[in-house]
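See below for run-v5.csv, which holds CSV, C-alpha atoms and all ligand atoms.
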```
chain,number,residue,atom,x,y,z
L,25,MET,CA,7.1,-4.2,37.8
L,26,MET,CA,5.9,-4.7,34.2
L,27,LYS,CA,8.0,-6.0,31.4
L,28,ILE,CA,7.9,-4.7,27.8
L,29,LEU,CA,9.7,-6.7,25.1
L,30,ILE,CA,10.7,-4.9,21.9
L,31,THR,CA,11.8,-7.6,19.5
L,32,ARG,CA,13.7,-5.4,17.0
L,33,LYS,CA,15.9,-2.4,17.7
L,34,VAL,CA,14.0,0.9,17.2
L,35,PRO,CA,15.6,4.3,17.7
L,36,GLU,CA,15.3,5.1,21.4
L,37,ALA,CA,14.3,8.7,20.7
L,38,LEU,CA,11.0,7.4,19.4
L,39,LEU,CA,10.4,5.2,22.5
L,40,LYS,CA,10.7,7.9,25.1
L,41,ARG,CA,7.1,7.5,26.3
L,42,LEU,CA,7.8,3.8,27.0
L,43,TYR,CA,11.0,4.5,29.0
L,44,GLU,CA,9.2,7.2,31.0
L,45,LEU,CA,6.5,4.8,32.3
L,46,PRO,CA,6.8,4.1,36.0
L,47,ASN,CA,7.7,0.5,37.2
L,48,VAL,CA,8.4,-0.7,33.7
L,49,GLU,CA,11.4,-2.7,32.5
L,50,VAL,CA,12.1,-2.4,28.8
L,51,ILE,CA,14.0,-5.2,27.1
L,52,MET,CA,15.0,-4.4,23.5
L,53,PHE,CA,16.7,-6.7,21.1
L,54,ASP,CA,19.9,-5.1,20.0
L,55,LYS,CA,19.8,-5.7,16.3
L,56,GLU,CA,17.8,-3.6,13.8
L,57,ASP,CA,18.2,-5.8,10.7
L,58,GLU,CA,17.6,-9.3,11.9
L,59,PRO,CA,14.8,-11.0,13.8
L,60,MET,CA,15.1,-12.0,17.5
L,61,PRO,CA,16.1,-15.7,17.5
L,62,ARG,CA,13.1,-17.9,18.2
L,63,GLU,CA,14.4,-19.4,21.4
L,64,GLN,CA,15.2,-16.0,22.9
L,65,LEU,CA,11.8,-14.7,21.8
L,66,LEU,CA,10.0,-17.6,23.5
L,67,ALA,CA,12.1,-17.2,26.7
L,68,GLU,CA,11.4,-13.5,26.9
L,69,LEU,CA,7.7,-13.9,26.2
L,70,LYS,CA,7.2,-16.0,29.2
L,71,THR,CA,7.6,-13.0,31.5
L,72,ALA,CA,6.5,-10.2,29.2
L,73,ASP,CA,3.4,-8.0,29.9
L,74,GLY,CA,3.5,-6.3,26.6
L,75,VAL,CA,5.3,-6.9,23.3
L,76,PHE,CA,6.3,-4.5,20.5
L,77,SER,CA,6.6,-6.9,17.6
L,78,ASN,CA,6.8,-7.0,13.8
L,79,LEU,CA,5.9,-9.2,10.9
L,80,SER,CA,8.9,-11.5,11.3
L,81,ASP,CA,8.0,-12.6,14.8
L,82,LYS,CA,5.9,-15.8,14.6
L,83,LEU,CA,3.5,-15.4,17.5
L,84,ASP,CA,1.9,-18.7,17.1
L,85,ARG,CA,0.2,-21.1,19.5
L,86,GLU,CA,3.4,-22.4,20.9
L,87,ALA,CA,4.7,-18.9,21.6
L,88,LEU,CA,1.6,-17.4,23.0
L,89,GLU,CA,0.5,-20.4,25.2
L,90,GLN,CA,3.5,-19.9,27.5
L,91,ALA,CA,3.1,-16.1,27.6
L,92,GLU,CA,1.4,-16.1,31.0
L,93,TYR,CA,1.4,-12.4,31.7
L,94,LEU,CA,0.9,-11.0,28.2
L,95,LYS,CA,-1.8,-8.4,28.0
L,96,VAL,CA,-1.0,-6.8,24.6
L,97,ILE,CA,0.8,-7.4,21.4
L,98,SER,CA,1.5,-4.2,19.5
L,99,THR,CA,2.7,-4.9,16.0
L,100,LEU,CA,4.6,-2.4,13.8
L,101,ALA,CA,2.5,-3.2,10.8
L,102,VAL,CA,-1.1,-3.1,9.5
L,103,GLY,CA,-1.0,-6.9,8.7
L,104,TYR,CA,-1.1,-9.4,11.6
L,105,ASP,CA,-0.8,-12.7,9.7
L,106,ASN,CA,2.1,-13.6,11.9
L,107,ILE,CA,-0.1,-13.7,15.0
L,108,ASP,CA,-2.4,-16.6,16.0
L,109,LEU,CA,-5.6,-14.7,16.7
L,110,GLU,CA,-7.4,-17.7,18.1
L,111,VAL,CA,-4.9,-18.2,21.0
L,112,ALA,CA,-4.8,-14.4,21.5
L,113,ARG,CA,-8.6,-14.3,21.9
L,114,GLU,CA,-8.6,-17.4,24.2
L,115,LYS,CA,-6.0,-15.7,26.4
L,116,GLY,CA,-7.6,-12.2,26.3
L,117,ILE,CA,-4.5,-10.7,24.7
L,118,LYS,CA,-5.2,-7.5,22.9
L,119,ILE,CA,-3.6,-6.9,19.5
L,120,GLY,CA,-2.8,-3.5,18.2
L,121,HIS,CA,-1.6,-2.6,14.7
L,122,THR,CA,-0.9,0.4,12.5
L,123,PRO,CA,-3.6,1.0,9.8
L,124,TYR,CA,-4.2,4.4,8.2
L,125,VAL,CA,-0.7,5.8,8.9
L,126,LEU,CA,0.9,3.7,6.2
L,127,THR,CA,-1.8,3.9,3.6
L,128,GLU,CA,-0.3,6.6,1.4
L,129,ALA,CA,3.3,5.4,1.6
L,130,THR,CA,2.2,1.9,0.6
L,131,ALA,CA,0.1,3.3,-2.2
L,132,ASP,CA,3.1,5.4,-3.4
L,133,LEU,CA,5.3,2.3,-3.4
L,134,THR,CA,2.7,0.2,-5.2
L,135,PHE,CA,2.4,2.8,-8.0
L,136,ALA,CA,6.2,3.2,-8.2
L,137,LEU,CA,6.5,-0.5,-8.6
L,138,LEU,CA,3.8,-0.4,-11.4
L,139,LEU,CA,5.5,2.4,-13.2
L,140,ALA,CA,9.0,1.0,-12.9
L,141,THR,CA,7.9,-2.5,-14.0
L,142,ALA,CA,5.9,-1.2,-17.0
L,143,ARG,CA,8.7,1.1,-18.2
L,144,ASN,CA,11.7,-1.1,-17.6
L,145,LEU,CA,13.5,1.2,-15.2
L,146,PRO,CA,15.8,-1.5,-13.6
L,147,GLN,CA,16.7,-2.8,-17.0
L,148,GLY,CA,17.6,0.8,-18.1
L,149,GLN,CA,19.9,1.3,-15.1
L,150,GLN,CA,21.5,-2.1,-15.6
L,151,MET,CA,22.1,-1.2,-19.3
L,152,ILE,CA,24.0,1.9,-18.3
L,153,LYS,CA,26.0,0.1,-15.6
L,154,ASN,CA,26.9,-2.6,-18.1
L,155,ASN,CA,28.2,0.1,-20.5
L,156,GLU,CA,25.6,-1.0,-23.1
L,157,TRP,CA,24.0,2.3,-23.8
L,158,SER,CA,25.8,2.7,-27.0
L,159,SER,CA,23.2,4.6,-29.1
L,160,TRP,CA,19.5,5.4,-29.3
L,161,SER,CA,17.2,2.7,-30.7
L,162,PRO,CA,13.6,3.4,-31.8
L,163,PHE,CA,12.1,0.6,-29.8
L,164,GLY,CA,14.8,0.0,-27.3
L,165,LEU,CA,13.5,-0.6,-23.7
L,166,THR,CA,10.0,0.3,-24.8
L,167,GLY,CA,7.4,-0.7,-22.2
L,168,LYS,CA,3.7,-0.6,-21.7
L,169,GLN,CA,2.1,2.9,-21.6
L,170,VAL,CA,0.6,3.4,-18.1
L,171,TYR,CA,-1.4,6.5,-18.9
L,172,GLY,CA,-4.9,5.5,-20.1
L,173,SER,CA,-4.4,1.8,-19.5
L,174,LYS,CA,-6.6,-0.4,-17.3
L,175,ILE,CA,-5.8,-1.3,-13.7
L,176,GLY,CA,-7.5,-4.1,-11.8
L,177,ILE,CA,-7.2,-3.9,-8.1
L,178,ILE,CA,-7.8,-7.0,-6.0
L,179,GLY,CA,-8.6,-6.0,-2.5
L,180,MET,CA,-10.3,-2.6,-2.4
L,181,GLY,CA,-9.6,-1.3,1.1
L,182,ARG,CA,-7.8,1.8,2.3
L,183,ILE,CA,-4.6,1.2,0.3
L,184,GLY,CA,-6.6,0.0,-2.8
L,185,LEU,CA,-8.6,3.3,-2.8
L,186,SER,CA,-5.4,5.3,-2.5
L,187,VAL,CA,-3.9,3.4,-5.4
L,188,ALA,CA,-7.1,3.9,-7.4
L,189,ARG,CA,-6.9,7.7,-6.8
L,190,ARG,CA,-3.3,7.7,-8.2
L,191,ALA,CA,-4.5,5.6,-11.2
L,192,LYS,CA,-7.2,8.2,-11.8
L,193,GLY,CA,-4.4,10.8,-12.1
L,194,PHE,CA,-3.0,8.7,-14.9
L,195,SER,CA,-6.4,8.5,-16.7
L,196,MET,CA,-6.6,4.8,-16.1
L,197,ASP,CA,-9.8,2.8,-16.0
L,198,VAL,CA,-10.1,1.2,-12.6
L,199,LEU,CA,-11.6,-2.2,-12.1
L,200,TYR,CA,-11.7,-3.9,-8.7
L,201,HIS,CA,-12.6,-7.1,-7.0
L,202,ASN,CA,-13.3,-7.3,-3.3
L,203,ARG,CA,-15.3,-9.3,-0.8
L,204,SER,CA,-17.9,-6.5,-0.8
L,205,ARG,CA,-18.7,-3.4,-2.9
L,206,HIS,CA,-16.8,-0.3,-2.1
L,207,GLU,CA,-19.2,2.6,-2.7
L,208,GLU,CA,-16.6,5.3,-2.1
L,209,ALA,CA,-14.3,3.9,-4.7
L,210,GLU,CA,-17.1,3.6,-7.2
L,211,LYS,CA,-18.3,7.2,-6.6
L,212,GLU,CA,-15.0,8.9,-6.2
L,213,VAL,CA,-12.9,7.3,-8.9
L,214,GLY,CA,-15.5,5.5,-10.9
L,215,ALA,CA,-14.1,2.1,-10.0
L,216,ILE,CA,-16.0,-0.7,-11.6
L,217,TYR,CA,-16.7,-3.8,-9.5
L,218,CYS,CA,-16.2,-7.1,-11.3
L,219,SER,CA,-15.6,-10.8,-10.7
L,220,LEU,CA,-12.0,-12.0,-10.2
L,221,ASP,CA,-12.1,-13.6,-13.7
L,222,GLU,CA,-13.4,-10.5,-15.4
L,223,LEU,CA,-10.7,-8.4,-13.7
L,224,LEU,CA,-8.0,-10.9,-14.7
L,225,GLU,CA,-9.2,-11.0,-18.3
L,226,GLN,CA,-9.4,-7.3,-18.8
L,227,SER,CA,-6.7,-5.6,-16.8
L,228,ASP,CA,-3.3,-4.4,-18.1
L,229,PHE,CA,-2.1,-4.2,-14.5
L,230,VAL,CA,-3.4,-6.7,-11.9
L,231,VAL,CA,-2.6,-5.2,-8.6
L,232,LEU,CA,-2.8,-7.4,-5.5
L,233,LEU,CA,-3.7,-5.6,-2.3
L,234,ALA,CA,-5.6,-8.3,-0.4
L,235,PRO,CA,-4.4,-9.1,3.2
L,236,GLY,CA,-2.6,-12.4,3.8
L,237,SER,CA,-4.9,-15.1,5.3
L,238,LYS,CA,-6.0,-18.6,4.8
L,239,ALA,CA,-8.8,-17.3,2.5
L,240,THR,CA,-6.4,-15.5,0.2
L,241,TYR,CA,-3.6,-18.1,0.2
L,242,HIS,CA,-2.5,-18.8,-3.4
L,243,MET,CA,-5.6,-16.9,-4.7
L,244,ILE,CA,-3.5,-16.2,-7.8
L,245,GLY,CA,-2.1,-19.4,-9.4
L,246,THR,CA,-1.9,-21.2,-12.8
L,247,GLU,CA,-5.6,-20.9,-13.6
L,248,GLN,CA,-5.6,-17.2,-12.9
L,249,PHE,CA,-2.4,-16.5,-14.9
L,250,LYS,CA,-4.1,-18.3,-17.9
L,251,LYS,CA,-6.9,-15.8,-17.7
L,252,MET,CA,-4.7,-12.7,-17.7
L,253,LYS,CA,-3.6,-11.1,-21.0
L,254,ASN,CA,-0.2,-12.1,-22.3
L,255,THR,CA,0.6,-8.4,-22.2
L,256,ALA,CA,-0.4,-7.9,-18.6
L,257,TYR,CA,1.6,-7.3,-15.5
L,258,LEU,CA,1.2,-8.6,-11.9
L,259,ILE,CA,2.0,-6.1,-9.2
L,260,ASN,CA,2.1,-7.4,-5.6
L,261,SER,CA,2.7,-5.2,-2.6
L,262,SER,CA,0.4,-7.1,-0.2
L,263,ARG,CA,1.5,-10.6,0.8
L,264,GLY,CA,3.6,-13.1,-1.0
L,265,THR,CA,1.4,-15.9,0.1
L,266,ASN,CA,-1.4,-14.6,-2.0
L,267,VAL,CA,0.4,-15.8,-5.1
L,268,ASP,CA,1.6,-19.3,-6.0
L,269,GLU,CA,5.2,-18.4,-6.8
L,270,LYS,CA,5.9,-21.6,-8.8
L,271,ALA,CA,2.9,-20.8,-11.0
L,272,LEU,CA,4.1,-17.2,-11.3
L,273,TYR,CA,7.6,-18.4,-12.4
L,274,ASP,CA,6.1,-20.5,-15.1
L,275,ALA,CA,3.7,-17.8,-16.3
L,276,LEU,CA,6.6,-15.3,-16.6
L,277,LYS,CA,8.9,-17.8,-18.2
L,278,THR,CA,6.4,-19.0,-20.8
L,279,GLY,CA,5.1,-15.6,-21.7
L,280,GLU,CA,1.6,-16.3,-20.2
L,281,ILE,CA,2.0,-12.8,-18.6
L,282,LYS,CA,4.4,-10.0,-19.6
L,283,GLY,CA,6.0,-9.1,-16.2
L,284,ALA,CA,5.8,-8.8,-12.5
L,285,GLY,CA,6.7,-6.2,-9.9
L,286,LEU,CA,7.0,-7.7,-6.5
L,287,ASP,CA,7.5,-6.2,-3.1
L,288,VAL,CA,6.6,-9.4,-1.2
L,289,PHE,CA,7.4,-13.1,-1.4
L,290,GLU,CA,6.0,-16.4,-0.1
L,291,LYS,CA,9.0,-16.8,2.3
L,292,GLU,CA,10.8,-13.7,3.2
L,293,PRO,CA,13.6,-12.6,3.0
L,294,ILE,CA,14.6,-14.0,-0.4
L,295,SER,CA,18.1,-14.2,-1.6
L,296,ALA,CA,19.9,-13.8,-4.9
L,297,ASP,CA,19.4,-17.5,-5.9
L,298,HIS,CA,15.6,-17.2,-5.8
L,299,PRO,CA,14.3,-18.6,-9.1
L,300,LEU,CA,12.2,-15.5,-9.9
L,301,LEU,CA,15.4,-13.5,-10.0
L,302,GLU,CA,16.7,-15.5,-13.0
L,303,LEU,CA,13.9,-13.9,-15.0
L,304,GLU,CA,14.4,-10.6,-17.0
L,305,ASN,CA,10.8,-9.6,-16.6
L,306,VAL,CA,10.7,-9.5,-12.8
L,307,LEU,CA,11.3,-6.4,-10.6
L,308,ALA,CA,11.9,-7.5,-7.0
L,309,ILE,CA,12.2,-5.2,-4.0
L,310,PRO,CA,12.6,-6.2,-0.3
L,311,HIS,CA,9.1,-5.5,1.3
L,312,ILE,CA,9.4,-1.8,1.6
L,313,GLY,CA,5.8,-0.7,1.1
L,314,SER,CA,5.5,1.4,4.2
L,315,ALA,CA,9.2,2.4,4.3
L,316,SER,CA,9.1,6.2,4.1
L,317,ILE,CA,10.8,8.0,7.0
L,318,GLU,CA,7.6,9.9,7.9
L,319,THR,CA,5.4,6.8,7.8
L,320,ARG,CA,7.8,4.6,9.8
L,321,GLN,CA,8.0,7.3,12.5
L,322,GLU,CA,4.2,7.5,12.7
L,323,MET,CA,4.0,3.7,12.8
L,324,VAL,CA,6.3,3.6,15.8
L,325,GLU,CA,4.2,6.3,17.5
L,326,VAL,CA,1.0,4.3,17.0
L,327,THR,CA,2.8,1.1,18.1
L,328,VAL,CA,4.0,2.8,21.3
L,329,SER,CA,0.5,4.2,22.0
L,330,ASN,CA,-1.2,0.8,21.4
L,331,LEU,CA,1.3,-0.7,23.8
L,332,ILE,CA,0.9,1.9,26.6
L,333,ASN,CA,-2.9,1.8,26.3
L,334,GLY,CA,-3.0,-2.0,26.4
L,335,LEU,CA,-0.8,-2.1,29.5
L,336,THR,CA,-2.8,0.6,31.3
L,337,GLY,CA,-6.3,-0.8,30.6
L,338,LYS,CA,-7.3,1.8,28.0
L,339,GLU,CA,-8.7,1.2,24.6
L,340,LEU,CA,-6.1,0.7,21.9
L,341,VAL,CA,-5.7,3.4,19.2
L,342,TYR,CA,-6.1,0.7,16.5
L,343,GLU,CA,-7.1,-2.7,17.8
L,344,VAL,CA,-7.2,-5.7,15.4
L,345,PRO,CA,-10.9,-6.3,14.6
L,346,ASN,CA,-13.0,-9.5,14.8
L,347,GLN,CA,-10.9,-11.2,17.4
L,401,LIG,C1,5.3,-3.7,7.5
L,401,LIG,C2,3.5,-4.5,6.1
L,401,LIG,O1,5.0,-2.5,8.1
L,401,LIG,O2,2.3,-3.2,7.6
L,401,LIG,C3,2.4,-4.3,7.0
L,401,LIG,O3,1.5,-5.2,7.1
L,401,LIG,O4,3.5,-5.4,5.3
L,401,LIG,C4,4.7,-3.6,6.1
L,401,LIG,O5,4.3,-2.3,5.8
L,401,LIG,C5,6.8,-3.8,7.5
L,401,LIG,O6,7.2,-5.0,7.0
L,401,LIG,C6,7.2,-3.8,9.0
L,401,LIG,O7,6.7,-4.9,9.8
```
Could I get this structure in the form of structure tokens?
Amino acid sequence: MMKILITRKVPEALLKRLYELPNVEVIMFDKEDEPMPREQLLAELKTADGVFSNLSDKLDREALEQAEYLKVISTLAVGYDNIDLEVAREKGIKIGHTPYVLTEATADLTFALLLATARNLPQGQQMIKNNEWSSWSPFGLTGKQVYGSKIGIIGMGRIGLSVARRAKGFSMDVLYHNRSRHEEAEKEVGAIYCSLDELLEQSDFVVLLAPGSKATYHMIGTEQFKKMKNTAYLINSSRGTNVDEKALYDALKTGEIKGAGLDVFEKEPISADHPLLELENVLAIPHIGSASIETRQEMVEVTVSNLINGLTGKELVYEVPNQ
């Protein structure tokens, strides 16, 4: 008998292939909007052969060292910064994730965040709700024109390229900074490679799409905000840990930068008393980059396939590289 642990409630209709496996016991946490408590997670992991996890499960050394039978972790995300890759490698645990299927949904959301931030959409709705839309004003709620402006993408991967294609549709100049040159982005959308400093100095919209890791931790902080234009916006739909949030607060408060659109935070979830929410020039949304119905369904499909393949000794559909 093999045991599969699903750490967050997922619609059973999407899990049919798991329930149909012979000699498999499926244990699913019964809540869809809160993480499995740590103690329960650790206890269940001890006897699990496979785990269907997500970003809110901290699969660190403590958790994985006692998982004696674990063959595969299949995470419902492209990012895997919640998993200790070193222990997984030591123990021969395979890690599956969901790249490709969430690229377009995340690029859509990133662009929506950029547009909504630049053109003050939340402020507009709030104005109506407050009964403050009394008349028309020539410069009321005017924002930054997106069409024809300059976007700087930090982290030119799959999602970066998809954002760059959308930017091209808005006649934007596309700058990018990445660990290595991205020929496709240069050829297809005329993206211009530049240093981080050049990108920060020139962009109207600095869009962060780098994965979360030790190398990218706080890559945007006080010094970087100083380099940005006072009229520029920061858009982050990657990982909150890529930005020093205290420095961001100061930069927004003192006018070092004009505004920020944030889908991610250093410590999630945040609540209404988070300091950034005091500021008028912040649009905050609750980590919904990949949250289109179509994409979440595809992500579950891939997560199930990775899990089944890992348990039956087949190659994963998408295995986390460089383990
Ligand atoms: C997650 C994400 O999918 O995939 C990622 O890395 O950040 C999100 O799209 C979502 O939070 C579910 O884990």
For this session: Return as a ChimeraX atom specification every polymer residue, whether protein, DNA or RNA, with at least one atom no more than 9 Å from an atom of ligand LIG 401 (chain L); count all atoms listed in the file.
Result: /L:77-80,99-105,121-123,126-127,129-130,235-236,261-263,288,311-315,320,323
Given all atoms listed in the file, how would the per-residue table for range 124-183 of chain L near range 222-227 of chain L read, listing every residue at most 7 Å away with its closest atom pair and distance in Å to one decimal, sorted by chain and number, as a tab-separated table?
```
residue	atom	partner	partner_atom	distance
L:Lys174	CA	L:Ser227	CA	5.2
L:Ile175	CA	L:Ser227	CA	5.4
L:Gly176	CA	L:Ser227	CA	5.3
```
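Rounded to one decimal, CA of His201 in chain L and CA of Gly285 in chain L lie 19.5 Å from each other.
CA of Glu290 in chain L sits 9.8 Å away from CA of Tyr241 in chain L.
Across L:Glu63, L:Gly74, L:Thr265, L:Thr31, the tightest approach to Glu49 in chain L is made by L:Gly74 when counting only C-alpha atoms.
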For this session: Write out as a ChimeraX atom specification which residues come within 10 Å of Leu185 in chain L when counting all atoms listed in the file, dropping same-chain ones fewer than 6 positions away.
Result: /L:127-128,131,177,179,191,200,206,208-210,212-213,215
